[in-house]
$ cat data-v3.cif   # mmCIF, N, CA and C atoms and all ligand atoms
data_structure
#
loop_
_atom_site.label_atom_id
_atom_site.label_comp_id
_atom_site.auth_asym_id
_atom_site.auth_seq_id
_atom_site.Cartn_x
_atom_site.Cartn_y
_atom_site.Cartn_z
N MET A 1 47.86 32.77 12.24
CA MET A 1 47.13 33.11 13.46
C MET A 1 46.77 31.86 14.25
N PHE A 2 46.83 31.96 15.56
CA PHE A 2 46.47 30.85 16.43
C PHE A 2 45.44 31.33 17.45
N LYS A 3 44.66 30.39 17.95
CA LYS A 3 43.66 30.73 18.99
C LYS A 3 44.28 30.54 20.37
N CYS A 4 44.14 31.55 21.20
CA CYS A 4 44.65 31.47 22.56
C CYS A 4 43.87 30.43 23.35
N ARG A 5 44.59 29.62 24.14
CA ARG A 5 43.94 28.59 24.95
C ARG A 5 43.16 29.20 26.10
N ALA A 6 43.57 30.40 26.53
CA ALA A 6 42.95 31.00 27.71
C ALA A 6 41.79 31.93 27.35
N CYS A 7 42.00 32.86 26.41
CA CYS A 7 40.97 33.88 26.16
C CYS A 7 40.31 33.72 24.80
N ASN A 8 40.80 32.76 23.99
CA ASN A 8 40.19 32.47 22.70
C ASN A 8 40.41 33.55 21.63
N GLU A 9 41.19 34.58 21.95
CA GLU A 9 41.54 35.60 20.95
C GLU A 9 42.62 35.03 20.04
N ASP A 10 42.74 35.60 18.85
CA ASP A 10 43.84 35.22 17.96
C ASP A 10 45.14 35.80 18.49
N TYR A 11 46.21 35.02 18.34
CA TYR A 11 47.53 35.58 18.65
C TYR A 11 48.49 35.22 17.55
N MET A 12 49.58 35.97 17.46
CA MET A 12 50.56 35.73 16.41
C MET A 12 51.88 35.31 17.02
N ILE A 13 52.61 34.45 16.30
CA ILE A 13 53.96 34.09 16.73
C ILE A 13 54.93 34.88 15.87
N GLU A 14 55.59 35.83 16.51
CA GLU A 14 56.52 36.69 15.76
C GLU A 14 57.93 36.14 15.77
N ASP A 15 58.27 35.46 16.85
CA ASP A 15 59.63 34.99 17.01
C ASP A 15 59.57 33.57 17.59
N THR A 16 59.99 32.57 16.80
CA THR A 16 59.87 31.19 17.26
C THR A 16 60.94 30.84 18.29
N SER A 17 61.86 31.78 18.58
CA SER A 17 62.92 31.46 19.53
C SER A 17 62.53 31.81 20.96
N ILE A 18 61.34 32.36 21.16
CA ILE A 18 60.87 32.60 22.53
C ILE A 18 59.52 31.93 22.75
N VAL A 19 59.20 31.64 24.01
CA VAL A 19 57.93 31.01 24.36
C VAL A 19 56.78 31.85 23.81
N PRO A 20 55.87 31.24 23.01
CA PRO A 20 54.76 32.03 22.48
C PRO A 20 53.78 32.47 23.58
N ILE A 21 53.42 33.72 23.51
CA ILE A 21 52.51 34.30 24.51
C ILE A 21 51.39 35.03 23.78
N CYS A 22 50.17 34.90 24.29
CA CYS A 22 49.02 35.59 23.71
C CYS A 22 49.17 37.10 23.90
N GLN A 23 48.98 37.85 22.83
CA GLN A 23 49.14 39.30 22.92
C GLN A 23 48.00 39.94 23.71
N SER A 24 46.85 39.25 23.80
CA SER A 24 45.71 39.83 24.51
C SER A 24 45.78 39.61 26.02
N CYS A 25 46.04 38.35 26.43
CA CYS A 25 45.97 38.06 27.87
C CYS A 25 47.30 37.59 28.45
N GLU A 26 48.32 37.45 27.61
CA GLU A 26 49.67 37.07 28.03
C GLU A 26 49.78 35.64 28.56
N ALA A 27 48.80 34.80 28.27
CA ALA A 27 48.90 33.39 28.66
C ALA A 27 49.92 32.69 27.75
N THR A 28 50.72 31.77 28.33
CA THR A 28 51.68 31.04 27.52
C THR A 28 50.95 30.02 26.64
N GLN A 29 51.50 29.78 25.48
CA GLN A 29 50.88 28.91 24.49
C GLN A 29 51.82 27.74 24.17
N PRO A 30 51.27 26.65 23.61
CA PRO A 30 52.14 25.53 23.22
C PRO A 30 53.25 26.01 22.28
N TRP A 31 54.45 25.52 22.54
CA TRP A 31 55.62 25.96 21.77
C TRP A 31 56.04 24.83 20.84
N ILE A 32 55.63 24.95 19.59
CA ILE A 32 55.95 23.91 18.60
C ILE A 32 56.62 24.58 17.41
N VAL A 33 57.83 24.14 17.11
CA VAL A 33 58.53 24.72 15.96
C VAL A 33 58.96 23.61 15.00
N GLN A 34 59.20 23.98 13.76
CA GLN A 34 59.71 23.03 12.77
C GLN A 34 61.24 23.12 12.77
N GLY A 35 61.89 21.96 12.86
CA GLY A 35 63.35 21.95 12.85
C GLY A 35 63.89 21.69 11.45
N TYR A 36 64.75 22.58 11.00
CA TYR A 36 65.38 22.42 9.69
C TYR A 36 66.90 22.34 9.86
N ASP A 37 67.56 21.83 8.84
CA ASP A 37 69.02 21.70 8.88
C ASP A 37 69.70 22.99 9.34
N ASP A 38 69.22 24.12 8.83
CA ASP A 38 69.92 25.38 9.10
C ASP A 38 69.39 26.13 10.32
N THR A 39 68.34 25.62 10.96
CA THR A 39 67.80 26.34 12.12
C THR A 39 67.91 25.55 13.43
N LEU A 40 68.16 24.25 13.32
CA LEU A 40 68.09 23.42 14.52
C LEU A 40 69.11 23.80 15.59
N THR A 41 70.33 24.10 15.18
CA THR A 41 71.36 24.46 16.14
C THR A 41 70.88 25.62 17.02
N LYS A 42 70.28 26.61 16.38
CA LYS A 42 69.78 27.77 17.11
C LYS A 42 68.59 27.38 18.00
N ASP A 43 67.72 26.51 17.45
CA ASP A 43 66.55 26.08 18.21
C ASP A 43 66.94 25.36 19.49
N LEU A 44 68.07 24.65 19.44
CA LEU A 44 68.50 23.86 20.59
C LEU A 44 69.18 24.70 21.66
N LEU A 45 69.33 25.99 21.41
CA LEU A 45 69.98 26.86 22.39
C LEU A 45 69.06 27.24 23.54
N TYR A 46 67.77 26.96 23.39
CA TYR A 46 66.83 27.25 24.47
C TYR A 46 67.24 26.48 25.72
N GLU A 47 67.44 27.19 26.82
CA GLU A 47 67.93 26.55 28.04
C GLU A 47 66.78 26.03 28.88
N GLY A 48 66.13 25.01 28.38
CA GLY A 48 65.02 24.42 29.10
C GLY A 48 64.70 23.07 28.49
N PRO A 49 63.65 22.42 28.97
CA PRO A 49 63.27 21.12 28.43
C PRO A 49 62.88 21.19 26.95
N ILE A 50 63.47 20.29 26.18
CA ILE A 50 63.21 20.23 24.74
C ILE A 50 62.81 18.81 24.37
N LEU A 51 61.82 18.72 23.50
CA LEU A 51 61.47 17.42 22.92
C LEU A 51 61.67 17.57 21.41
N LEU A 52 62.58 16.76 20.88
CA LEU A 52 62.87 16.80 19.45
C LEU A 52 62.37 15.51 18.82
N MET A 53 61.49 15.66 17.84
CA MET A 53 60.91 14.46 17.23
C MET A 53 61.21 14.43 15.73
N PHE A 54 61.81 13.32 15.29
CA PHE A 54 62.05 13.11 13.87
C PHE A 54 60.90 12.32 13.28
N THR A 55 60.34 12.84 12.21
CA THR A 55 59.16 12.23 11.61
C THR A 55 59.31 12.16 10.09
N ALA A 56 58.36 11.48 9.46
CA ALA A 56 58.24 11.52 8.01
C ALA A 56 56.76 11.36 7.69
N THR A 57 56.34 11.95 6.58
CA THR A 57 54.91 11.91 6.24
C THR A 57 54.44 10.48 5.95
N TRP A 58 55.36 9.63 5.44
CA TRP A 58 54.99 8.25 5.08
C TRP A 58 55.06 7.29 6.27
N CYS A 59 55.47 7.80 7.41
CA CYS A 59 55.66 6.94 8.58
C CYS A 59 54.39 6.90 9.43
N ASN A 60 53.71 5.75 9.45
CA ASN A 60 52.45 5.63 10.19
C ASN A 60 52.60 5.82 11.70
N PRO A 61 53.58 5.17 12.33
CA PRO A 61 53.74 5.41 13.77
C PRO A 61 53.96 6.90 14.09
N CYS A 62 54.63 7.62 13.18
CA CYS A 62 54.84 9.07 13.38
C CYS A 62 53.51 9.79 13.45
N GLN A 63 52.61 9.43 12.54
CA GLN A 63 51.31 10.11 12.49
C GLN A 63 50.49 9.78 13.73
N LYS A 64 50.74 8.61 14.32
CA LYS A 64 50.03 8.24 15.55
C LYS A 64 50.60 9.00 16.74
N MET A 65 51.92 9.18 16.76
CA MET A 65 52.57 9.82 17.91
C MET A 65 52.42 11.35 17.90
N LYS A 66 52.35 11.92 16.71
CA LYS A 66 52.38 13.38 16.60
C LYS A 66 51.28 14.10 17.39
N PRO A 67 50.00 13.65 17.27
CA PRO A 67 48.95 14.34 18.05
C PRO A 67 49.18 14.22 19.56
N LEU A 68 49.78 13.10 19.98
CA LEU A 68 50.05 12.91 21.41
C LEU A 68 51.14 13.88 21.88
N ILE A 69 52.12 14.08 21.01
CA ILE A 69 53.19 15.01 21.34
C ILE A 69 52.66 16.44 21.36
N ARG A 70 51.74 16.75 20.42
CA ARG A 70 51.10 18.06 20.41
C ARG A 70 50.36 18.30 21.73
N GLN A 71 49.73 17.23 22.22
CA GLN A 71 49.00 17.31 23.49
C GLN A 71 49.95 17.64 24.64
N LEU A 72 51.14 17.02 24.59
CA LEU A 72 52.15 17.30 25.62
C LEU A 72 52.60 18.76 25.54
N ALA A 73 52.69 19.28 24.31
CA ALA A 73 53.07 20.68 24.12
C ALA A 73 52.03 21.60 24.77
N GLU A 74 50.76 21.20 24.67
CA GLU A 74 49.67 21.94 25.32
C GLU A 74 49.83 21.89 26.83
N GLU A 75 50.01 20.65 27.29
CA GLU A 75 50.10 20.40 28.71
C GLU A 75 51.26 21.14 29.36
N TYR A 76 52.39 21.19 28.66
CA TYR A 76 53.59 21.83 29.19
C TYR A 76 53.83 23.20 28.56
N ALA A 77 52.76 23.87 28.17
CA ALA A 77 52.91 25.19 27.55
C ALA A 77 53.70 26.12 28.46
N GLY A 78 54.72 26.75 27.88
CA GLY A 78 55.55 27.65 28.66
C GLY A 78 56.71 26.95 29.35
N LYS A 79 56.69 25.61 29.35
CA LYS A 79 57.75 24.86 30.04
C LYS A 79 58.51 23.93 29.12
N LEU A 80 57.98 23.70 27.92
CA LEU A 80 58.59 22.71 27.02
C LEU A 80 58.60 23.27 25.60
N LYS A 81 59.74 23.04 24.93
CA LYS A 81 59.81 23.40 23.52
C LYS A 81 59.77 22.12 22.71
N VAL A 82 58.83 22.04 21.78
CA VAL A 82 58.70 20.86 20.93
C VAL A 82 59.21 21.22 19.53
N ILE A 83 60.11 20.38 19.02
CA ILE A 83 60.63 20.60 17.68
C ILE A 83 60.32 19.38 16.82
N PHE A 84 59.62 19.59 15.72
CA PHE A 84 59.36 18.51 14.77
C PHE A 84 60.31 18.66 13.59
N ALA A 85 61.04 17.61 13.28
CA ALA A 85 61.93 17.64 12.12
C ALA A 85 61.54 16.53 11.16
N ASP A 86 61.20 16.90 9.95
CA ASP A 86 60.85 15.93 8.91
C ASP A 86 62.13 15.46 8.23
N VAL A 87 62.39 14.16 8.28
CA VAL A 87 63.66 13.64 7.76
C VAL A 87 63.81 13.81 6.24
N GLU A 88 62.69 13.97 5.56
CA GLU A 88 62.74 14.19 4.12
C GLU A 88 63.18 15.61 3.81
N VAL A 89 62.75 16.52 4.69
CA VAL A 89 63.06 17.94 4.48
C VAL A 89 64.43 18.28 5.03
N SER A 90 64.71 17.76 6.23
CA SER A 90 65.97 18.06 6.89
C SER A 90 66.89 16.86 6.78
N GLN A 91 67.45 16.67 5.61
CA GLN A 91 68.19 15.44 5.34
C GLN A 91 69.52 15.36 6.07
N LYS A 92 70.12 16.51 6.30
CA LYS A 92 71.40 16.52 6.99
C LYS A 92 71.21 16.03 8.42
N LEU A 93 70.15 16.54 9.06
CA LEU A 93 69.83 16.14 10.44
C LEU A 93 69.56 14.66 10.54
N SER A 94 68.86 14.15 9.54
CA SER A 94 68.39 12.77 9.62
C SER A 94 69.52 11.77 9.44
N GLN A 95 70.71 12.24 9.06
CA GLN A 95 71.84 11.32 8.92
C GLN A 95 72.55 11.07 10.25
N SER A 96 72.07 11.73 11.29
CA SER A 96 72.64 11.53 12.63
C SER A 96 72.53 10.06 13.04
N ASP A 97 73.54 9.58 13.74
CA ASP A 97 73.60 8.17 14.17
C ASP A 97 72.45 7.77 15.07
N GLU A 98 71.93 8.79 15.78
CA GLU A 98 70.89 8.50 16.78
C GLU A 98 69.57 8.07 16.15
N ILE A 99 69.39 8.36 14.88
CA ILE A 99 68.11 8.07 14.26
C ILE A 99 68.15 6.77 13.49
N ALA A 100 67.76 5.69 14.18
CA ALA A 100 67.76 4.38 13.55
C ALA A 100 66.36 3.93 13.19
N ALA A 101 65.36 4.63 13.70
CA ALA A 101 63.98 4.28 13.43
C ALA A 101 63.13 5.54 13.45
N LEU A 102 61.91 5.43 12.94
CA LEU A 102 61.00 6.56 12.98
C LEU A 102 59.71 6.16 13.69
N PRO A 103 59.12 7.03 14.48
CA PRO A 103 59.74 8.29 14.88
C PRO A 103 60.87 8.07 15.88
N THR A 104 61.80 9.00 15.92
CA THR A 104 62.78 9.05 17.00
C THR A 104 62.47 10.30 17.81
N ILE A 105 62.31 10.12 19.11
CA ILE A 105 61.96 11.24 19.99
C ILE A 105 63.05 11.40 21.03
N LEU A 106 63.66 12.58 21.07
CA LEU A 106 64.71 12.85 22.04
C LEU A 106 64.19 13.85 23.06
N VAL A 107 64.48 13.58 24.32
CA VAL A 107 64.04 14.47 25.39
C VAL A 107 65.25 14.86 26.23
N GLY A 108 65.38 16.14 26.50
CA GLY A 108 66.49 16.60 27.34
C GLY A 108 66.46 18.09 27.51
N ARG A 109 67.62 18.63 27.86
CA ARG A 109 67.72 20.06 28.08
C ARG A 109 68.54 20.70 26.97
N GLY A 110 68.08 21.87 26.54
CA GLY A 110 68.81 22.61 25.52
C GLY A 110 69.87 23.50 26.14
N GLY A 111 70.40 24.39 25.33
CA GLY A 111 71.44 25.31 25.81
C GLY A 111 72.81 24.82 25.41
N THR A 112 73.82 25.64 25.67
CA THR A 112 75.17 25.30 25.21
C THR A 112 75.70 24.06 25.93
N ALA A 113 75.26 23.85 27.19
CA ALA A 113 75.70 22.66 27.92
C ALA A 113 74.60 21.60 27.95
N GLY A 114 73.62 21.76 27.08
CA GLY A 114 72.47 20.86 27.11
C GLY A 114 72.78 19.50 26.52
N LYS A 115 71.94 18.54 26.86
CA LYS A 115 72.07 17.22 26.25
C LYS A 115 70.74 16.47 26.34
N PHE A 116 70.60 15.49 25.46
CA PHE A 116 69.40 14.67 25.50
C PHE A 116 69.62 13.49 26.43
N ASP A 117 68.71 13.32 27.38
CA ASP A 117 68.84 12.25 28.36
C ASP A 117 68.21 10.96 27.86
N GLU A 118 67.16 11.09 27.07
CA GLU A 118 66.44 9.89 26.67
C GLU A 118 66.09 9.89 25.19
N ILE A 119 66.13 8.70 24.62
CA ILE A 119 65.76 8.52 23.22
C ILE A 119 64.67 7.47 23.13
N PHE A 120 63.59 7.81 22.48
CA PHE A 120 62.50 6.87 22.27
C PHE A 120 62.37 6.57 20.78
N MET A 121 62.11 5.32 20.44
CA MET A 121 61.94 4.97 19.03
C MET A 121 60.65 4.23 18.80
N GLY A 122 60.02 4.52 17.68
CA GLY A 122 58.78 3.85 17.31
C GLY A 122 57.61 4.30 18.16
N LEU A 123 56.61 3.42 18.25
CA LEU A 123 55.43 3.74 19.07
C LEU A 123 55.80 3.59 20.54
N VAL A 124 55.61 4.65 21.29
CA VAL A 124 56.01 4.65 22.69
C VAL A 124 54.82 5.06 23.55
N ASN A 125 54.70 4.46 24.71
CA ASN A 125 53.68 4.88 25.67
C ASN A 125 53.94 6.35 26.06
N ILE A 126 52.92 7.17 25.87
CA ILE A 126 53.09 8.61 26.10
C ILE A 126 53.44 8.92 27.55
N GLU A 127 53.04 8.03 28.46
CA GLU A 127 53.37 8.20 29.89
C GLU A 127 54.88 8.19 30.11
N LYS A 128 55.58 7.35 29.33
CA LYS A 128 57.04 7.27 29.46
C LYS A 128 57.68 8.59 29.03
N ILE A 129 57.11 9.18 27.98
CA ILE A 129 57.66 10.44 27.49
C ILE A 129 57.35 11.56 28.48
N ARG A 130 56.13 11.53 29.02
CA ARG A 130 55.75 12.53 30.01
C ARG A 130 56.69 12.47 31.22
N GLU A 131 56.97 11.24 31.66
CA GLU A 131 57.85 11.03 32.80
C GLU A 131 59.25 11.58 32.52
N SER A 132 59.70 11.34 31.31
CA SER A 132 61.04 11.78 30.95
C SER A 132 61.11 13.32 30.87
N ILE A 133 60.03 13.98 30.45
CA ILE A 133 60.00 15.45 30.44
C ILE A 133 60.04 15.98 31.87
N THR A 134 59.27 15.32 32.74
CA THR A 134 59.24 15.74 34.14
C THR A 134 60.60 15.58 34.79
N ASN A 135 61.38 14.61 34.31
CA ASN A 135 62.69 14.33 34.91
C ASN A 135 63.82 15.21 34.37
N VAL A 136 63.54 16.02 33.35
CA VAL A 136 64.61 16.86 32.80
C VAL A 136 65.10 17.83 33.88
N LYS A 137 66.42 17.78 34.13
CA LYS A 137 66.95 18.64 35.21
C LYS A 137 67.40 19.97 34.66
ZN ZN A 201 44.80 35.10 25.43
#
$ encode --input "data-v3.cif" --output "C-alpha cells"
Amino acid sequence: MFKCRACNEDYMIEDTSIVPICQSCEATQPWIVQGYDDTLTKDLLYEGPILLMFTATWCNPCQKMKPLIRQLAEEYAGKLKVIFADVEVSQKLSQSDEIAALPTILVGRGGTAGKFDEIFMGLVNIEKIRESITNVK
C-alpha cells in the first residue's frame, strides 16, 4: 500500500506496466519499478521518458543519488518512469558495456524505437539529470 500524494488515501499498484493512479482521487503517483533481468525488456516498452538507474547496496554514491532520483519521480509523476536495477540481483543486465561505474543513470525514451540519450556515472548534479529528462523528445 502507498499513500496518495494528493488525497492521502492508500492506493495499490496492481500493474507496474502502467502509470500508477490513486484509486480514490485518480491523481497520478510516482512511477518507480524494480528492473530485473527477465522484466526489463518489457519495462522499457513504455513509450515515454524513462530513467534507468543501476545501483548496488554496497555503493555509497548510489545511496546518495537514490533519494534524489525518487524526488524526481515525485516531481515528474505521470510523466516519467523510473527503473532501479540492482547489479547484484540483475547480473545479466549489469554485464552491459554501458555500465562502467556505479551508479549508472540512463535517461531517454522507451518504446520499440526508444533509446537512451544520456548516460550519467557516479555522483551527478541532479540539475543535469532534471535537464536531461526535460529534453527527452
Ligand atoms: Zn488520491
$ atom_distance --input "data-v3.cif" --atom1 "atom C of Val136 of chain A" --atom2 "atom N of Phe120 of chain A"
15.3 Å
$ residues_near_ligand --input "data-v3.cif" --ligand "ligand ZN 201 (chain A)" --cutoff "6.5 Å" --atoms "only N, CA and C atoms and all ligand atoms" --output "list in words"
Cys4, Arg5, Ala6, Cys7, Asn8, Glu9, Cys22, Gln23, Ser24, Cys25, Glu26 and Ala27 of chain A
$ closest_residue --input "data-v3.cif" --among "A:Leu123, A:Ser132, A:Leu93, A:Asp10" --to "Lys64 of chain A" --atoms "only N, CA and C atoms"
A:Leu123
$ atom_distance --input "data-v3.cif" --atom1 "atom CA of Pro103 of chain A" --atom2 "atom CA of Phe54 of chain A"
5.4 Å
$ residues_around --input "data-v3.cif" --residues "Asn135 of chain A" --least-positions-apart "4" --cutoff "12 Å" --atoms "only C-alpha atoms" --output "ChimeraX atom specification"
/A:48-50,107-109,116-118,128-131
$ closest_residue --input "data-v3.cif" --among "A:Gly114, A:Lys81, A:Val87, A:Arg70" --to "Lys137 of chain A" --atoms "only C-alpha atoms"
A:Gly114
$ closest_atom_pairs --input "data-v3.cif" --of "segment 67-95 of chain A" --to "segment 12-20 of chain A" --cutoff "8 Å" --atoms "only N, CA and C atoms" --output "CSV"
residue,atom,partner,partner_atom,distance
A:Ala77,C,A:Val19,CA,7.7
A:Gly78,CA,A:Val19,CA,6.0
A:Lys79,N,A:Val19,CA,7.5
A:Leu80,C,A:Val19,CA,7.9
A:Lys81,CA,A:Val19,CA,7.9
$ atom_distance --input "data-v3.cif" --atom1 "atom CA of Lys115 of chain A" --atom2 "atom CA of Asp38 of chain A"
19.1 Å
$ closest_residue --input "data-v3.cif" --among "A:Val89, A:Ile133, A:Met121, A:Leu40" --to "Ala101 of chain A" --atoms "all atoms listed in the file"
A:Met121
$ closest_residue --input "data-v3.cif" --among "A:Leu106, A:Val33, A:Leu68, A:Val124" --to "Leu51 of chain A" --atoms "all atoms listed in the file"
A:Leu106
$ closest_residue --input "data-v3.cif" --among "A:Asn125, A:Gln29, A:Thr104, A:Gln91" --to "Thr55 of chain A" --atoms "only N, CA and C atoms"
A:Thr104
